[in-house]
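Undergrad: My structure is below; once you've seen it, I'll send some questions.
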Amino acid sequence: MPLELPDFPWDLLTPYGDEARTHPDGIVDLSVGSPVDPTPASVREALSAATDAHAYPLTAGSPALREAIVEWYARRRGVPDLTVANVIPTIGSKELVALLPTLLGLGPGDVVVQPSAAYPSYAVGAAVVGATVLTSDEPEEWPAETKLVWLNSPGNPDGRVHSIEFLRTAVARARELGAVIANDECYAELDWSSDEPTPSILHPEVTQGSRRLTLSVYSLSKQSNLAGYRAGFVAGCSDLVGELLTARKHLGLMPPAPVQAAMVAALADEQHVAAQKELYRRRREALVGALTASGFHIDDSRAGLYLWATRDEDCWQTVGALARLGILVAPGSFYGAAGARHVRVALTATDERVDAAVARLSAGRL
């Protein structure tokens, strides 16, 4: 029997994309968060040097990669006490997000909690196993049947950042329920209010001496332009990571050996991450100014690759108005009912395309 999954939401954008492409100067596609800038040369060189990959790679990750992940958490996330038993690589972060309910053995009657504005894969992963999705940002609302809690800080689509205090409260509540709690942290290096990353769910002030049932999910797609490499990892409770590793061995879920080598290079180099952040900062500032001048309000959006923008109208009306200017954005309804009057505007376009969007917003009438 085929799975009963929702339609892929981006298919609904097709007619708006078609309209945007009729603009004389072409489309400015701000609807997806796919990087457009080059992959760092050092990463590409590491990949190339590892292409004699005749043996099967380790599902657990090479020793060098696991050590690089541990060191990165200590250096960049303020998590100093991980070991290689606390980390494993994943094939990007989306497969882990969508498969986690399956790997944890969830099923009908179990509850998966997701944020009020949520990346669709959280709900899809629950649908695959027949679990119930609860949309809630309030830990006291999570019921006894809860088996998995998804947090997303910094948030996609809204760029919201959870404080250490909130993370600590959420972790404590999940443990009361015996539920796994996972924070999807893939935008952590893109905090627009600080040079430091946003708080991790594995920070010692959050975990209070125990990582039990707690996971941090990460991806190098955003900070290092590695979306095409499918390079991610998960870290946290060693017992839980060990259980995930056993399941992943059975399923053959292992990043290719050259990709693992590239990840080691990417994790060791902070300079390219900082440089990429500055590229996005310039694009962000230009779009914020143009959207605000055109009557938009930007909510949250403290971190990440998106602006959560509203004109206080139905999101599809805003999508249509921008498509007539040749600009394609994502409707907030893709991310739940909380986004019905917002659109998500991605920063992942070239400087030339961002400048084109700014010019169109300045000259056009919405």
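Chain labels run A, B, ... following the order of the structure tokens; each chain numbers its residues from 1, and ligands are numbered from 1 in the order shown.
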Which residues come within 12 Å of Leu307 of chain A, counting only C-alpha atoms, excluding same-chain residues fewer than 2 positions away, as an MDAnalysis selection string?

TA: chainID A and resid 30:33 155:160 192 280:281 283:292 296:305 309:310 329:332 342:348

Undergrad: Leaving out Ser116 of chain A and any residue of its chain fewer than 4 positions from it, which residues lie within 12 Å of it when counting only C-alpha atoms, given as an NGL selection string?

TA: :A and (120 or 122-123 or 133-138 or 150-152 or 155-158 or 160 or 332-340)

Undergrad: Kindly save the residues from that selection, with N, CA and C atoms included, as a tab-separated table (two decimals), in the first residue's frame.

TA:
```tsv
chain	number	residue	atom	x	y	z
A	120	PRO	N	8.38	21.47	6.48
A	120	PRO	CA	7.40	20.41	6.24
A	120	PRO	C	7.88	18.99	6.53
A	122	TYR	N	9.23	17.68	9.07
A	122	TYR	CA	8.92	17.16	10.40
A	122	TYR	C	7.60	16.38	10.35
A	123	ALA	N	6.59	16.97	9.72
A	123	ALA	CA	5.29	16.31	9.62
A	123	ALA	C	5.33	15.12	8.67
A	133	VAL	N	0.80	14.42	14.54
A	133	VAL	CA	1.59	15.65	14.64
A	133	VAL	C	0.86	16.65	15.53
A	134	LEU	N	1.57	17.21	16.48
A	134	LEU	CA	1.06	18.30	17.30
A	134	LEU	C	1.91	19.53	17.03
A	135	THR	N	1.26	20.61	16.64
A	135	THR	CA	1.96	21.87	16.42
A	135	THR	C	1.87	22.70	17.68
A	136	SER	N	3.02	22.90	18.33
A	136	SER	CA	3.01	23.61	19.61
A	136	SER	C	4.39	24.13	19.95
A	137	ASP	N	4.43	25.37	20.42
A	137	ASP	CA	5.68	25.98	20.91
A	137	ASP	C	5.73	26.04	22.42
A	138	GLU	N	4.76	25.43	23.09
A	138	GLU	CA	4.64	25.54	24.54
A	138	GLU	C	4.87	24.18	25.19
A	150	TRP	N	10.39	18.12	17.91
A	150	TRP	CA	11.29	18.86	17.02
A	150	TRP	C	11.30	20.33	17.42
A	151	LEU	N	12.48	20.84	17.70
A	151	LEU	CA	12.72	22.28	17.78
A	151	LEU	C	13.50	22.67	16.54
A	152	ASN	N	13.42	23.95	16.18
A	152	ASN	CA	14.15	24.44	15.01
A	152	ASN	C	14.63	25.85	15.33
A	155	GLY	N	15.04	29.23	13.24
A	155	GLY	CA	13.90	28.64	12.58
A	155	GLY	C	13.86	28.86	11.08
A	156	ASN	N	13.38	27.86	10.39
A	156	ASN	CA	12.99	27.95	8.98
A	156	ASN	C	11.48	27.72	8.97
A	157	PRO	N	10.69	28.74	8.64
A	157	PRO	CA	11.01	29.90	7.81
A	157	PRO	C	11.25	31.21	8.55
A	158	ASP	N	10.99	31.26	9.86
A	158	ASP	CA	10.82	32.56	10.51
A	158	ASP	C	12.08	33.14	11.13
A	160	ARG	N	13.46	32.57	13.88
A	160	ARG	CA	13.37	32.74	15.32
A	160	ARG	C	14.50	31.97	16.01
A	332	GLY	N	3.84	31.56	3.11
A	332	GLY	CA	4.00	31.11	4.49
A	332	GLY	C	3.15	29.92	4.84
A	333	SER	N	2.07	29.69	4.10
A	333	SER	CA	1.20	28.56	4.39
A	333	SER	C	1.89	27.22	4.18
A	334	PHE	N	2.98	27.20	3.44
A	334	PHE	CA	3.76	25.96	3.30
A	334	PHE	C	4.26	25.48	4.66
A	335	TYR	N	4.34	26.39	5.63
A	335	TYR	CA	4.96	26.10	6.92
A	335	TYR	C	3.94	26.05	8.06
A	336	GLY	N	2.67	25.92	7.69
A	336	GLY	CA	1.63	25.80	8.69
A	336	GLY	C	0.70	27.00	8.74
A	337	ALA	N	-0.38	26.86	9.50
A	337	ALA	CA	-1.39	27.91	9.58
A	337	ALA	C	-0.84	29.23	10.09
A	338	ALA	N	0.21	29.17	10.91
A	338	ALA	CA	0.79	30.40	11.46
A	338	ALA	C	1.39	31.29	10.38
A	339	GLY	N	1.65	30.72	9.21
A	339	GLY	CA	2.25	31.50	8.13
A	339	GLY	C	1.28	32.00	7.08
A	340	ALA	N	-0.01	31.96	7.37
A	340	ALA	CA	-1.02	32.27	6.35
A	340	ALA	C	-0.93	33.69	5.81
```

Undergrad: Quick one, how far is atom CA of Ala144 of chain A from atom CA of Asn86 of chain A?

TA: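 Going from atom CA of Ala144 of chain A over to atom CA of Asn86 of chain A covers 27.3 Å.
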
Undergrad: Could you work out how far atom CA of Ile91 of chain A lies from atom CA of Gly17 of chain A, giving the answer in Å with one decimal?

TA: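 Interatomic distance, atom CA of Gly17 of chain A to atom CA of Ile91 of chain A: 29.1 Å.
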
Undergrad: Please measure the separation of atom CA of Gly105 of chain A and atom CA of Val241 of chain A, giving the value in Å to one decimal.

TA: 14.2 Å

Undergrad: Between A:Phe8, A:Gly26, A:Ser93, A:Ser221, which has the minimum distance to Arg353 of chain A (counting only C-alpha atoms)?

TA: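 Looking only at the distances to Arg353 of chain A, the closest residue turns out to be A:Gly26.
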
Undergrad: Using DSSP on the backbone, list every residue of segment 210-248 of chain A that comes out as strand (DSSP E or B), and give them as a ChimeraX atom specification.

TA: /A:214-219,231-236
